[in-house]
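Worksheet: the structure to be examined is printed underneath.
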Amino acid sequence: MKNILVTGGAGFIGSNFILYMLEKYGDNIQIVNLDLLTYAGNLENLKAVEGDSRHSFVQGDIGDGPLVAELMEKHAIDTVINFAAESHVDRSIEDPGVFARTNVMGTVNLLSCARAAWENADGSYKAGVKFVQVSTDEVYGSLGETGYFTEETPLSPRSPYSASKASADLFVAAWSDTYGMPVNITRCSNNYGPYQFPEKLIPLMIHNAVGKKDLPVYGDGLNVRDWLYVDDHCKAIALVAEKGCPGEVYNVGGHNERTNIVIVKKIISLVGGKVDATVTESLIKYVTDRKGHDRRYAIDPAKIGAELGWKPDTAFEDGIEKTVDWYLQNGEWLSGVTSGSYRDYYDKMYGNR
Ligand code: NAD
Ligand code: DAU
């Protein structure tokens, strides 16, 4: 039986991960889900596990020392998987402070609490414990037209978001090097799939296309991202938690690079075909570029493939169609998260762009 503390489990990847783990481990798992329920956290994402005795939800901050210490002890936690974060680059450009508080200081607090709960008097650790930090390829910076990020690529974060994630990674590595705590760091490329908040490229474009609103493409639309279906990321994190060699970093990605404009045109063709033929490329609006916009990300996933046997299951053409269908079938979820403060956010970010 594993007793897992999942943080940020009401967000996009965290909620998909909880569904994935309950399915995979059946009765051999108990999950405590600690989430602050910021604008990005949503209990609607967890409707499918409502009343499931294997999952308990706690609203709270990963930076709250007494709360995390209590959860570690009360639930005899043996694995911490840290998804909780401020995750959106554009927001980090506007308001970096909360990125330092949650992504850096919150992670440091989790590390301290895990060590206090797991370290024996002689400096060894209880058997079977593991801290997994869910990080991002953005810590490596920006690539030119060729090449890939490997685990040896030097950290070179450029946005406040990626700077905060890289800082957290360094603290996690310090807990391994200094205190000998068993940790892993995963660094994944861009995820897409159900429950992603519509501030991110793919759900934002689906939402706007359905509403026949402008589709705001930053700069020349030729920045490249390496897209991975969220379930494939969840599978990788589960493998790393179970079998990852302590102290190691694993990059996660499916060799699926696309320019942003290609993604936007694909969404237009899917929404146009499924909903309304008047949704066309005329909706595309090139807007002022993101400050410091990283040009290209591309992951080399050879290590996790060779050492842990990971490979992605979902081809992009299937994943993007499944994703568009999910948003079309979950209009209520989408209207729930795009009312109220979302409108203010949208006006602030895109009103004068
Ligand atoms: P998200 O923004 O959808 O969800 C983040 C969750 O964390 C929310 O539920 C929010 O309420 C919670 N949270 C925020 N601050 C908190 C705090 N102080 N205490 C407790 N909970 C808090 O993010 P996501 O896209 O699901 O990303 C999850 C993790 O994966 C992040 O660490 C992110 O850096 C990393 N990641 C994301 C991607 C991606 O493409 N989305 C790719 C690689 C890595
Ligand atoms: O690479 C992993 C990272 O991917 C994660 O660590 C982050 O949490 C996640 O947000 C994501 O970061 P990006 O900045 O790459 O994702 P985003 O969806 O914000 O943007 C993807 C690309 O699309 C990027 O080049 C900017 C562009 N874009 C984005 C938005 C929201 C647009 O052209 N228009 C938009 O309106």
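Every chain in the structure tokens has a letter given in the order shown (A, B, ...), and although residue numbers restart at 1 in each chain, ligands are simply numbered from 1 in the order shown.
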
Dump as CSV the rows for residues of segment 197-259 of chain A within 7 Å of segment 151-163 of chain A: closest atom pair and distance in Å with one decimal, only C-alpha atoms counted, ordered by chain and rising residue number.
```
residue,atom,partner,partner_atom,distance
A:Val249,CA,A:Glu151,CA,6.4
A:Tyr250,CA,A:Glu151,CA,6.6
A:Asn251,CA,A:Glu151,CA,6.3
```

Which residues of chain A come within 6 Å of ligand 1, and for each one, what is the closest pair of atoms and their distance in Å to one decimal, counting only C-alpha atoms and all ligand atoms, sorted by chain and residue number, as JSON lines?
```
{"residue": "A:Thr7", "atom": "CA", "partner": "ligand 1", "partner_atom_place_in_ligand_line": "21 (N)", "distance": 6.0}
{"residue": "A:Gly8", "atom": "CA", "partner": "ligand 1", "partner_atom_place_in_ligand_line": "7 (O)", "distance": 3.6}
{"residue": "A:Gly9", "atom": "CA", "partner": "ligand 1", "partner_atom_place_in_ligand_line": "9 (O)", "distance": 5.7}
{"residue": "A:Ala10", "atom": "CA", "partner": "ligand 1", "partner_atom_place_in_ligand_line": "9 (O)", "distance": 4.0}
{"residue": "A:Gly11", "atom": "CA", "partner": "ligand 1", "partner_atom_place_in_ligand_line": "9 (O)", "distance": 3.2}
{"residue": "A:Phe12", "atom": "CA", "partner": "ligand 1", "partner_atom_place_in_ligand_line": "26 (O)", "distance": 3.7}
{"residue": "A:Ile13", "atom": "CA", "partner": "ligand 1", "partner_atom_place_in_ligand_line": "26 (O)", "distance": 3.7}
{"residue": "A:Gly14", "atom": "CA", "partner": "ligand 1", "partner_atom_place_in_ligand_line": "26 (O)", "distance": 5.4}
{"residue": "A:Leu34", "atom": "CA", "partner": "ligand 1", "partner_atom_place_in_ligand_line": "20 (C)", "distance": 5.9}
{"residue": "A:Asp35", "atom": "CA", "partner": "ligand 1", "partner_atom_place_in_ligand_line": "21 (N)", "distance": 3.6}
{"residue": "A:Leu36", "atom": "CA", "partner": "ligand 1", "partner_atom_place_in_ligand_line": "21 (N)", "distance": 4.0}
{"residue": "A:Leu37", "atom": "CA", "partner": "ligand 1", "partner_atom_place_in_ligand_line": "11 (O)", "distance": 3.6}
{"residue": "A:Thr38", "atom": "CA", "partner": "ligand 1", "partner_atom_place_in_ligand_line": "11 (O)", "distance": 4.0}
{"residue": "A:Ala40", "atom": "CA", "partner": "ligand 1", "partner_atom_place_in_ligand_line": "8 (C)", "distance": 4.6}
{"residue": "A:Gly41", "atom": "CA", "partner": "ligand 1", "partner_atom_place_in_ligand_line": "9 (O)", "distance": 3.1}
{"residue": "A:Gly60", "atom": "CA", "partner": "ligand 1", "partner_atom_place_in_ligand_line": "20 (C)", "distance": 5.7}
{"residue": "A:Asp61", "atom": "CA", "partner": "ligand 1", "partner_atom_place_in_ligand_line": "19 (N)", "distance": 3.5}
{"residue": "A:Ile62", "atom": "CA", "partner": "ligand 1", "partner_atom_place_in_ligand_line": "19 (N)", "distance": 4.1}
{"residue": "A:Phe83", "atom": "CA", "partner": "ligand 1", "partner_atom_place_in_ligand_line": "29 (C)", "distance": 4.1}
{"residue": "A:Ala84", "atom": "CA", "partner": "ligand 1", "partner_atom_place_in_ligand_line": "7 (O)", "distance": 3.6}
{"residue": "A:Ala85", "atom": "CA", "partner": "ligand 1", "partner_atom_place_in_ligand_line": "14 (C)", "distance": 4.5}
{"residue": "A:Glu86", "atom": "CA", "partner": "ligand 1", "partner_atom_place_in_ligand_line": "14 (C)", "distance": 5.2}
{"residue": "A:Ser87", "atom": "CA", "partner": "ligand 1", "partner_atom_place_in_ligand_line": "2 (O)", "distance": 4.6}
{"residue": "A:Thr102", "atom": "CA", "partner": "ligand 1", "partner_atom_place_in_ligand_line": "18 (N)", "distance": 4.6}
{"residue": "A:Val134", "atom": "CA", "partner": "ligand 1", "partner_atom_place_in_ligand_line": "32 (O)", "distance": 5.3}
{"residue": "A:Ser135", "atom": "CA", "partner": "ligand 1", "partner_atom_place_in_ligand_line": "44 (C)", "distance": 4.9}
{"residue": "A:Thr136", "atom": "CA", "partner": "ligand 1", "partner_atom_place_in_ligand_line": "44 (C)", "distance": 4.1}
{"residue": "A:Cys188", "atom": "CA", "partner": "ligand 1", "partner_atom_place_in_ligand_line": "43 (C)", "distance": 4.4}
{"residue": "A:Ser189", "atom": "CA", "partner": "ligand 1", "partner_atom_place_in_ligand_line": "42 (C)", "distance": 5.2}
{"residue": "A:Asn190", "atom": "CA", "partner": "ligand 1", "partner_atom_place_in_ligand_line": "40 (O)", "distance": 3.7}
{"residue": "A:Asn191", "atom": "CA", "partner": "ligand 1", "partner_atom_place_in_ligand_line": "40 (O)", "distance": 3.8}
```

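Closest approach to ligand 2 among A:Glu257, A:Glu138, A:Glu44, A:Asp220: A:Glu138, based on only C-alpha atoms and all ligand atoms.
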
Give as an MDAnalysis selection string the residues surrounding ligand 2 up to a distance of 9 Å, considering only C-alpha atoms and all ligand atoms.
-> chainID A and resid 85:90 135:139 161:162 165 187:192 198:205 215:227 259:261 263:264 286:287 289:290 293:298 349:350

When DSSP works through the backbone of this structure, what residues of segment 183-313 of chain A end up as strand (DSSP E or B), shown as an MDAnalysis selection string?
-> chainID A and resid 183:188 190:192 215:218 224:229 249:252 257:259 284:287 296 299

File dump, residues just selected, C-alpha atoms, as a PDB file, in the first residue's frame:
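This went into selection.pdb:
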```pdb
ATOM      1  CA  VAL A 183      14.289  12.520  -4.592  1.00  0.00           C
ATOM      2  CA  ASN A 184      13.571  12.641  -8.297  1.00  0.00           C
ATOM      3  CA  ILE A 185      12.903  15.562 -10.607  1.00  0.00           C
ATOM      4  CA  THR A 186      10.865  15.187 -13.795  1.00  0.00           C
ATOM      5  CA  ARG A 187      11.089  17.818 -16.539  1.00  0.00           C
ATOM      6  CA  CYS A 188       8.289  17.561 -19.047  1.00  0.00           C
ATOM      7  CA  ASN A 190       4.003  21.163 -22.813  1.00  0.00           C
ATOM      8  CA  ASN A 191       0.968  19.105 -21.757  1.00  0.00           C
ATOM      9  CA  TYR A 192      -2.516  19.206 -23.236  1.00  0.00           C
ATOM     10  CA  LEU A 215      -7.501  33.835 -31.775  1.00  0.00           C
ATOM     11  CA  PRO A 216      -4.536  35.796 -30.344  1.00  0.00           C
ATOM     12  CA  VAL A 217      -1.245  34.437 -31.703  1.00  0.00           C
ATOM     13  CA  TYR A 218       1.858  35.961 -30.096  1.00  0.00           C
ATOM     14  CA  VAL A 224       7.867  25.873 -31.194  1.00  0.00           C
ATOM     15  CA  ARG A 225       6.535  23.763 -28.333  1.00  0.00           C
ATOM     16  CA  ASP A 226       6.831  19.979 -27.874  1.00  0.00           C
ATOM     17  CA  TRP A 227       3.333  18.697 -26.999  1.00  0.00           C
ATOM     18  CA  LEU A 228       2.529  15.660 -24.857  1.00  0.00           C
ATOM     19  CA  TYR A 229      -0.903  14.256 -23.962  1.00  0.00           C
ATOM     20  CA  VAL A 249      16.425  13.815 -13.177  1.00  0.00           C
ATOM     21  CA  TYR A 250      14.191  12.447 -15.962  1.00  0.00           C
ATOM     22  CA  ASN A 251      13.142  14.465 -19.016  1.00  0.00           C
ATOM     23  CA  VAL A 252       9.697  13.618 -20.405  1.00  0.00           C
ATOM     24  CA  GLU A 257       7.248  19.636 -32.003  1.00  0.00           C
ATOM     25  CA  ARG A 258       4.791  22.040 -33.578  1.00  0.00           C
ATOM     26  CA  THR A 259       4.807  25.779 -34.242  1.00  0.00           C
ATOM     27  CA  ILE A 284      -6.481  34.468 -36.284  1.00  0.00           C
ATOM     28  CA  LYS A 285      -5.109  37.740 -34.921  1.00  0.00           C
ATOM     29  CA  TYR A 286      -1.358  38.235 -34.588  1.00  0.00           C
ATOM     30  CA  VAL A 287      -0.755  40.211 -31.378  1.00  0.00           C
ATOM     31  CA  ARG A 296      11.752  26.648 -29.056  1.00  0.00           C
ATOM     32  CA  ILE A 299      12.912  17.243 -25.183  1.00  0.00           C
TER      33      ILE A 299
END
```

Do you know which residues are at most 12 Å from Tyr25 of chain A counting only C-alpha atoms, after dropping those on the same chain fewer than 6 positions away, and could you put them as a list in words?
-> Met1, Lys2, Asn3, Ile4, Phe17, Ile18, Leu19, Ile31, Arg54, Ala238 and Glu242 of chain A

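Between Met105 of chain A and the candidates A:Ala236, A:Val172, A:Ile267, A:Val132, the tightest atom-to-atom separation, counting only C-alpha atoms, involves A:Val172.
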
Compare A:Pro66, A:Gly253, A:Gly211, A:Pro312 by their minimum atom-to-atom distance to Leu334 of chain A, counting only C-alpha atoms, and give me the closest one.
->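 The shortest atom-to-atom distance to Leu334 of chain A comes from A:Gly211.
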
Backbone-only DSSP, alpha helix (DSSP H) members of segment 17-202 of chain A, as number ranges by chain | A: 17-25, 65-74, 89-94, 97-99, 107-118, 160-177, 201-202

Enter the distance from atom CA of Leu46 of chain A to atom CA of Asn16 of chain A, in Å, rounded to one decimal.
-> 8.7 Å
